[in-house]
Every structure is written in C-alpha cells, then in structure tokens.
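Chemist: To be precise about what I am sending: the file is called start19.csv and holds CSV, C-alpha atoms.
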chain,number,residue,atom,x,y,z
H,1,VAL,CA,-1.3,3.4,-13.8
H,2,ALA,CA,2.5,3.6,-13.5
H,3,SER,CA,5.3,1.5,-12.0
H,4,VAL,CA,7.5,3.3,-9.4
H,5,LEU,CA,10.4,1.3,-10.6
H,6,THR,CA,10.8,3.4,-13.7
H,7,ASP,CA,13.1,6.5,-13.6
H,8,GLU,CA,10.2,8.9,-13.2
H,9,ILE,CA,6.5,8.6,-12.4
H,10,PRO,CA,4.6,10.3,-15.3
H,11,GLU,CA,2.9,13.4,-14.1
H,12,ASP,CA,-0.4,12.4,-15.7
H,13,ALA,CA,-0.5,9.0,-13.9
H,14,SER,CA,-3.5,8.9,-11.7
H,15,SER,CA,-2.5,5.8,-9.9
H,16,VAL,CA,0.6,3.7,-9.0
H,17,VAL,CA,0.6,0.1,-8.1
H,18,LEU,CA,3.1,-1.7,-5.9
H,19,TYR,CA,2.6,-5.4,-6.4
H,20,GLN,CA,4.1,-7.7,-3.8
H,21,PRO,CA,7.6,-6.3,-3.5
H,22,THR,CA,10.1,-8.6,-1.9
H,23,GLU,CA,12.8,-6.1,-1.1
H,24,ASP,CA,12.6,-2.8,0.7
H,25,PHE,CA,12.6,0.5,-1.2
H,26,THR,CA,15.4,2.9,-0.9
H,27,SER,CA,14.9,6.3,0.7
H,28,GLU,CA,15.1,7.9,-2.8
H,29,GLU,CA,12.3,5.6,-4.0
H,30,ILE,CA,10.2,6.4,-1.0
H,31,SER,CA,10.7,10.1,-1.6
H,32,LYS,CA,9.7,9.6,-5.2
H,33,ILE,CA,6.4,7.9,-4.2
H,34,SER,CA,5.8,10.6,-1.5
H,35,ASP,CA,6.4,13.5,-3.9
H,36,TYR,CA,4.1,11.9,-6.4
H,37,LEU,CA,1.2,11.6,-3.8
H,38,ILE,CA,1.7,15.1,-2.5
H,39,ASN,CA,1.8,16.3,-6.1
H,40,GLY,CA,3.2,19.8,-5.4
H,41,GLY,CA,0.5,20.4,-2.7
H,42,ASN,CA,-2.3,19.5,-5.1
H,43,TYR,CA,-2.7,15.9,-4.0
H,44,GLY,CA,-5.3,13.9,-6.0
H,45,LYS,CA,-3.1,10.9,-6.7
H,46,ASN,CA,-3.4,7.3,-5.7
H,47,LEU,CA,-1.2,4.3,-4.7
H,48,VAL,CA,-2.4,0.7,-4.5
H,49,TYR,CA,-0.1,-1.5,-2.4
H,50,MET,CA,-0.6,-5.2,-2.5
H,51,ALA,CA,1.3,-7.1,0.1
H,52,SER,CA,2.8,-10.6,0.0
H,53,TYR,CA,1.9,-12.6,3.1
H,54,SER,CA,5.5,-13.9,3.3
H,55,GLN,CA,7.3,-10.6,2.6
H,56,PRO,CA,10.2,-9.8,5.0
H,57,SER,CA,10.5,-6.7,7.1
H,58,MET,CA,10.8,-3.6,4.9
H,59,PRO,CA,11.5,-0.7,7.3
H,60,ASN,CA,11.5,2.1,4.8
H,61,LEU,CA,8.3,1.0,3.1
H,62,GLU,CA,6.6,0.2,6.4
H,63,GLN,CA,7.5,3.6,7.9
H,64,PHE,CA,6.1,5.3,4.8
H,65,LEU,CA,2.8,3.3,5.1
H,66,SER,CA,2.5,4.1,8.8
H,67,GLU,CA,2.6,7.8,8.0
H,68,TRP,CA,-0.5,7.2,5.9
H,69,GLY,CA,-2.2,5.3,8.8
H,70,ILE,CA,-1.3,1.8,7.7
H,71,GLY,CA,0.6,-0.3,10.2
H,72,VAL,CA,1.8,-3.5,8.5
H,73,LEU,CA,2.2,-6.3,11.1
H,74,PRO,CA,4.6,-9.3,11.0
H,75,PHE,CA,1.6,-11.7,11.0
H,76,ILE,CA,-0.8,-13.5,8.7
H,77,GLY,CA,-4.3,-14.2,9.7
H,78,TYR,CA,-5.3,-17.4,11.5
H,79,ASP,CA,-8.9,-18.1,12.4
H,80,GLU,CA,-10.3,-21.4,13.7
H,81,THR,CA,-13.9,-20.2,13.3
H,82,ASN,CA,-14.1,-17.9,10.3
H,83,SER,CA,-12.0,-19.6,7.6
H,84,TYR,CA,-12.4,-21.9,4.7
H,85,SER,CA,-10.5,-25.1,3.9
H,86,GLN,CA,-7.5,-24.1,6.0
H,87,LYS,CA,-7.3,-21.9,9.1
H,88,THR,CA,-5.1,-19.3,7.3
H,89,ALA,CA,-7.7,-18.8,4.5
H,90,LEU,CA,-9.8,-16.2,6.2
H,91,LEU,CA,-13.4,-15.1,5.8
H,92,VAL,CA,-13.5,-11.4,6.4
H,93,GLU,CA,-16.0,-8.6,7.1
H,94,THR,CA,-16.8,-5.5,5.1
H,95,ALA,CA,-16.3,-2.3,7.0
H,96,ASP,CA,-18.7,0.7,6.8
H,97,SER,CA,-17.4,2.5,3.8
H,98,ASP,CA,-18.6,3.8,0.4
H,99,TYR,CA,-16.7,1.0,-1.3
H,100,THR,CA,-18.6,-1.8,0.4
H,101,ALA,CA,-22.1,-0.2,0.6
H,102,SER,CA,-23.4,-2.4,-2.2
H,103,PHE,CA,-22.2,-5.6,-0.5
H,104,ASP,CA,-25.0,-8.1,0.0
H,105,SER,CA,-23.9,-11.0,2.2
H,106,ASN,CA,-26.9,-13.0,1.2
H,107,ASN,CA,-25.9,-13.1,-2.4
H,108,SER,CA,-22.2,-12.5,-2.5
H,109,ILE,CA,-19.0,-13.3,-0.6
H,110,ILE,CA,-15.5,-11.9,-0.3
H,111,TYR,CA,-13.3,-14.8,-1.4
H,112,PRO,CA,-11.2,-16.3,1.4
H,113,ASP,CA,-7.6,-15.4,1.2
H,114,ILE,CA,-4.3,-15.6,3.2
H,115,TYR,CA,-4.0,-12.1,4.5
H,116,ARG,CA,-0.9,-10.1,5.7
H,117,LEU,CA,-2.4,-8.3,8.6
H,118,ALA,CA,-2.4,-4.6,9.3
H,119,ARG,CA,-3.7,-2.2,11.9
H,120,ARG,CA,-4.5,1.5,11.6
H,121,THR,CA,-1.9,3.7,13.2
H,122,PHE,CA,-4.5,6.5,13.5
H,123,ASP,CA,-8.1,7.2,12.5
H,124,LYS,CA,-7.4,10.9,11.9
H,125,ASN,CA,-4.2,12.9,12.2
H,126,GLY,CA,-4.5,16.5,11.0
H,127,ASN,CA,-5.3,16.4,7.3
H,128,ARG,CA,-4.8,12.6,7.1
H,129,TYR,CA,-7.4,10.0,7.9
H,130,THR,CA,-8.0,6.3,7.4
H,131,THR,CA,-10.9,4.3,6.0
H,132,PRO,CA,-11.1,0.6,6.8
H,133,ILE,CA,-12.5,-1.4,3.9
H,134,LEU,CA,-12.2,-5.1,5.0
H,135,THR,CA,-11.4,-6.4,8.4
H,136,THR,CA,-11.0,-9.8,10.0
H,137,TYR,CA,-13.5,-11.1,12.5
H,138,ASP,CA,-12.6,-10.7,16.1
H,139,THR,CA,-11.9,-14.4,16.3
H,140,ALA,CA,-8.8,-14.0,14.1
H,141,LEU,CA,-5.3,-14.4,15.5
H,142,GLY,CA,-1.9,-13.2,14.4
H,143,TYR,CA,0.2,-16.0,13.0
H,144,PRO,CA,3.9,-14.9,13.1
H,145,ILE,CA,5.6,-14.9,9.7
H,146,ASP,CA,8.7,-16.4,11.2
H,147,ALA,CA,6.7,-19.3,12.6
H,148,ILE,CA,5.3,-20.4,9.2
H,149,GLY,CA,6.4,-24.0,8.6
H,150,ASN,CA,7.3,-24.5,12.2
H,151,ASP,CA,5.4,-25.9,15.1
H,152,TRP,CA,2.9,-23.2,16.1
H,153,ASP,CA,-0.6,-23.3,17.5
H,154,SER,CA,-3.2,-20.8,18.5
H,155,SER,CA,-2.3,-21.0,22.2
H,156,GLN,CA,0.9,-19.1,21.3
H,157,ALA,CA,-0.8,-16.2,19.7
H,158,THR,CA,0.0,-12.8,21.1
H,159,GLU,CA,-2.1,-10.6,18.8
H,160,LYS,CA,-5.9,-11.0,18.5
H,161,GLY,CA,-8.4,-9.5,16.0
H,162,PRO,CA,-10.0,-7.7,14.5
H,163,PHE,CA,-7.3,-6.7,12.1
H,164,ASP,CA,-7.4,-4.6,8.9
H,165,VAL,CA,-6.8,-6.5,5.7
H,166,MET,CA,-7.9,-3.8,3.2
H,167,LEU,CA,-7.4,-0.2,4.4
H,168,MET,CA,-7.1,3.2,2.8
H,169,GLY,CA,-5.0,6.1,4.1
H,170,SER,CA,-5.8,9.5,2.7
H,171,ALA,CA,-4.4,13.0,2.8
H,172,TYR,CA,-5.4,16.4,1.5
H,173,ASP,CA,-4.4,20.1,1.9
H,174,SER,CA,-6.6,23.0,3.0
H,175,LYS,CA,-6.0,26.2,1.1
H,176,ALA,CA,-6.0,29.7,2.5
H,177,SER,CA,-9.3,30.3,0.6
H,178,GLY,CA,-10.9,27.6,2.7
H,179,GLU,CA,-11.1,25.2,-0.2
H,180,GLN,CA,-9.8,21.6,0.1
H,181,THR,CA,-7.7,19.8,-2.4
H,182,PRO,CA,-8.8,16.3,-3.7
H,183,ALA,CA,-7.4,13.6,-1.4
H,184,SER,CA,-4.4,11.4,-2.3
H,185,ASN,CA,-5.0,7.8,-1.3
H,186,VAL,CA,-2.9,4.8,-0.3
H,187,VAL,CA,-4.8,1.5,-0.4
H,188,TYR,CA,-3.4,-1.4,1.4
H,189,ILE,CA,-4.5,-4.8,0.1
H,190,GLY,CA,-3.4,-7.6,2.5
H,191,GLY,CA,-4.7,-10.5,0.4
H,192,SER,CA,-2.1,-12.0,-1.8
H,193,SER,CA,-3.4,-15.2,-3.4
H,194,TYR,CA,-7.0,-14.8,-4.5
H,195,THR,CA,-8.1,-11.2,-3.9
H,196,LEU,CA,-7.1,-10.2,-7.4
H,197,ASN,CA,-7.1,-13.6,-9.0
H,198,GLU,CA,-8.5,-13.5,-12.5
H,199,GLN,CA,-10.8,-16.4,-12.0
H,200,VAL,CA,-12.1,-15.0,-8.7
H,201,LEU,CA,-12.7,-11.6,-10.2
H,202,SER,CA,-14.7,-13.1,-13.1
H,203,GLN,CA,-17.3,-14.7,-10.8
H,204,SER,CA,-20.5,-12.6,-10.4
H,205,SER,CA,-21.3,-14.2,-7.0
H,206,ILE,CA,-18.0,-13.0,-5.6
H,207,TYR,CA,-17.7,-9.4,-4.5
H,208,ASN,CA,-14.0,-8.9,-5.1
H,209,SER,CA,-14.4,-7.5,-8.6
H,210,THR,CA,-17.1,-5.0,-7.5
H,211,LEU,CA,-15.0,-3.9,-4.6
H,212,ILE,CA,-11.9,-3.3,-6.6
H,213,LEU,CA,-14.0,-1.4,-9.3
H,214,ASN,CA,-15.6,0.7,-6.5
H,215,ILE,CA,-12.2,1.7,-5.3
H,216,PHE,CA,-10.9,2.8,-8.7
H,217,ASN,CA,-14.2,4.5,-9.4
H,218,GLY,CA,-13.7,6.4,-6.1
H,219,PHE,CA,-10.3,7.4,-7.4
H,220,ALA,CA,-11.9,8.8,-10.5
H,221,GLY,CA,-14.7,10.5,-8.6
H,222,VAL,CA,-17.4,8.3,-10.0
H,223,ASP,CA,-20.4,7.7,-7.9
H,224,GLN,CA,-20.4,4.1,-6.5
H,225,ASP,CA,-24.1,3.7,-7.6
H,226,SER,CA,-23.7,4.9,-11.1
Transcribe the structure of this file into structure tokens.
Modeler:
Amino acid sequence: VASVLTDEIPEDASSVVLYQPTEDFTSEEISKISDYLINGGNYGKNLVYMASYSQPSMPNLEQFLSEWGIGVLPFIGYDETNSYSQKTALLVETADSDYTASFDSNNSIIYPDIYRLARRTFDKNGNRYTTPILTTYDTALGYPIDAIGNDWDSSQATEKGPFDVMLMGSAYDSKASGEQTPASNVVYIGGSSYTLNEQVLSQSSIYNSTLILNIFNGFAGVDQDS
C-alpha cells in the first residue's frame, strides 16, 4: 500500500489509500493516480478512497471519481427509521456482491456510521463498470453538508435514498487477442467514524472487518470463501 502524496507511487504497490483528504488534489496528482491505475494498459491496480463526511467540495477529485462511476454527493445520510442513537448514524444494507455474500444479518451487523453519500454515475460504460457494496435504506435522506449545525429538518430534504455508501468502480482493457486484463478498482468508503475503527474491526459480531478483508482478498485474487 502506498501514499499518493509521495513523489512517485512505487510500481510494485498493489494498492493506494486516500484517507479523508481535506483539500482537493492538483491536476498533476490526479494524473499520477490515473496513470497508476491504468498501469500502462495492464491495469490490475487498486485505490481505496475513504471520504470525510464534512469534506468540502473537491472538483478535481470528484471529477476523477465520477469517471470511475462514483458520484460523491454534498450530503450525509439522515434516516429517521433506520439509524442508531442519532438520525445521522445510519444502518445500511449489503448489496448483492461477492464481498458481502457471507453476510448473515441474523448473527452480524454493519456498524452504524455517519456516511458521506454517493450515487453511481453509471452501471456500465464501455470497459468500466460499478459494483455497489453497501447502500442506505430507501428511507434515507440527504442532509446537506452546508446545513450541518444549522436549523434543518427532514421536510427540507431534496434527495431521497437509497444511496451508495460503499461502492467500487472498475476498469479493464480488452486485448486484440481477445484476452482481458485484470481490472483496476477504485473503492469508495463513505463511512468516516466507525467503518474502519479499530475497536469496531475487532468485534466478531460486527461484519466490518470481514467486509474489508473480502475487498482486499478480492484485490489479491483470493477466493472469498477460502
């Protein structure tokens, strides 16, 4: 795993992590990330982007993510029905994916979190496609970032769920021989407080650690059931 804030991303780095950036990336930094993922046409690289629920507008980064099918919205989740302790600590649903196939709702939970919301900008676009991993319930509403701390209630909501809160955008290349390169993947994680919290990840009754492990096993080509 490498940091894109170093001068160069090592060629042998299989994954890069962007953790809650608070400033937009320059066009040069975006090009560096894009070149890393395209990998000279060989693809097979991975980026994990963890958003901050309060992050400002970051046009360069958001445009890059949208090209991978990830549309970051200026909202956090708000749900009067499917939340825990506060209406912005959302309970979420697992989507139908290899990464969540082992989830058993009778014995495990996805820990509630404050989520920066997203929506897919496409399902499939040429050699690019998206895989939803976690979504809100359809009872969720978009709580505007610029309204946090001000008087706001659900009657003012303009966006309704379901929303994506963990989403993967993937791309590959098709060779003239008919073969297909391994995919490069960009994973959007909208949870910022508890999704990767050490204490949460250590609890066997909470699915978060298994989910994250499944994603990284997928990067490595490891069978989810192995």
Chemist: Give me, as a Markdown table, the closest atom pair and its distance (Å, one decimal) for every residue of stretch 106-209 of chain H within a cut-off of 9 Å of stretch 56-68 of chain H, counting only C-alpha atoms, rows sorted by chain and rising number.
Modeler:
| residue | atom | partner | partner_atom | distance |
| --- | --- | --- | --- | --- |
| H:Arg120 | CA | H:Ser66 | CA | 8.0 |
| H:Thr121 | CA | H:Ser66 | CA | 6.2 |
| H:Phe122 | CA | H:Trp68 | CA | 8.6 |
| H:Arg128 | CA | H:Trp68 | CA | 7.0 |
| H:Tyr129 | CA | H:Trp68 | CA | 7.7 |
| H:Thr130 | CA | H:Trp68 | CA | 7.7 |
| H:Ile145 | CA | H:Pro56 | CA | 8.3 |
| H:Met168 | CA | H:Trp68 | CA | 8.3 |
| H:Gly169 | CA | H:Trp68 | CA | 5.0 |
| H:Ser170 | CA | H:Trp68 | CA | 6.6 |
| H:Ala171 | CA | H:Trp68 | CA | 7.6 |
| H:Asn185 | CA | H:Trp68 | CA | 8.5 |
| H:Val186 | CA | H:Trp68 | CA | 7.1 |
| H:Tyr188 | CA | H:Leu65 | CA | 8.6 |
Chemist: Would you pick out the contacts of H:Gly221 at 12 Å or less, using all atoms listed in the file, so that residues sharing its chain but fewer than 3 positions from it are not included, and give the list as a ChimeraX atom specification?
Modeler: /H:14,44-45,98,182-183,213-218,224-226
Chemist: When distances are computed from all atoms listed in the file, which of H:Arg119, H:Asp79, H:Ser54, H:Ala176 shows the smallest separation from H:Ser154?
Modeler: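 Closest residue, counting all atoms listed in the file: H:Asp79.
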Chemist: In the coordinate frame of the file, compute which residues have an atom within 7 Å of (-11.1, -7.2, 10.1) when using all atoms listed in the file, and state them as a PyMOL selection string.
Modeler: chain H and resi 92-93+134-137+161-165
Chemist: Enumerate, as a PDB file with C-alpha atoms, in the frame of the given file, the protein, DNA and RNA residues whose atoms approach (-0.6, 8.7, -3.0) to within 7 Å, taking into account only C-alpha atoms and the coordinate frame of the file.
Modeler:
ATOM      1  CA  SER H  34       5.800  10.600  -1.500  1.00  0.00           C
ATOM      2  CA  TYR H  36       4.100  11.900  -6.400  1.00  0.00           C
ATOM      3  CA  LEU H  37       1.200  11.600  -3.800  1.00  0.00           C
ATOM      4  CA  ILE H  38       1.700  15.100  -2.500  1.00  0.00           C
ATOM      5  CA  LYS H  45      -3.100  10.900  -6.700  1.00  0.00           C
ATOM      6  CA  ASN H  46      -3.400   7.300  -5.700  1.00  0.00           C
ATOM      7  CA  LEU H  47      -1.200   4.300  -4.700  1.00  0.00           C
ATOM      8  CA  SER H 184      -4.400  11.400  -2.300  1.00  0.00           C
ATOM      9  CA  ASN H 185      -5.000   7.800  -1.300  1.00  0.00           C
ATOM     10  CA  VAL H 186      -2.900   4.800  -0.300  1.00  0.00           C
TER      11      VAL H 186
END
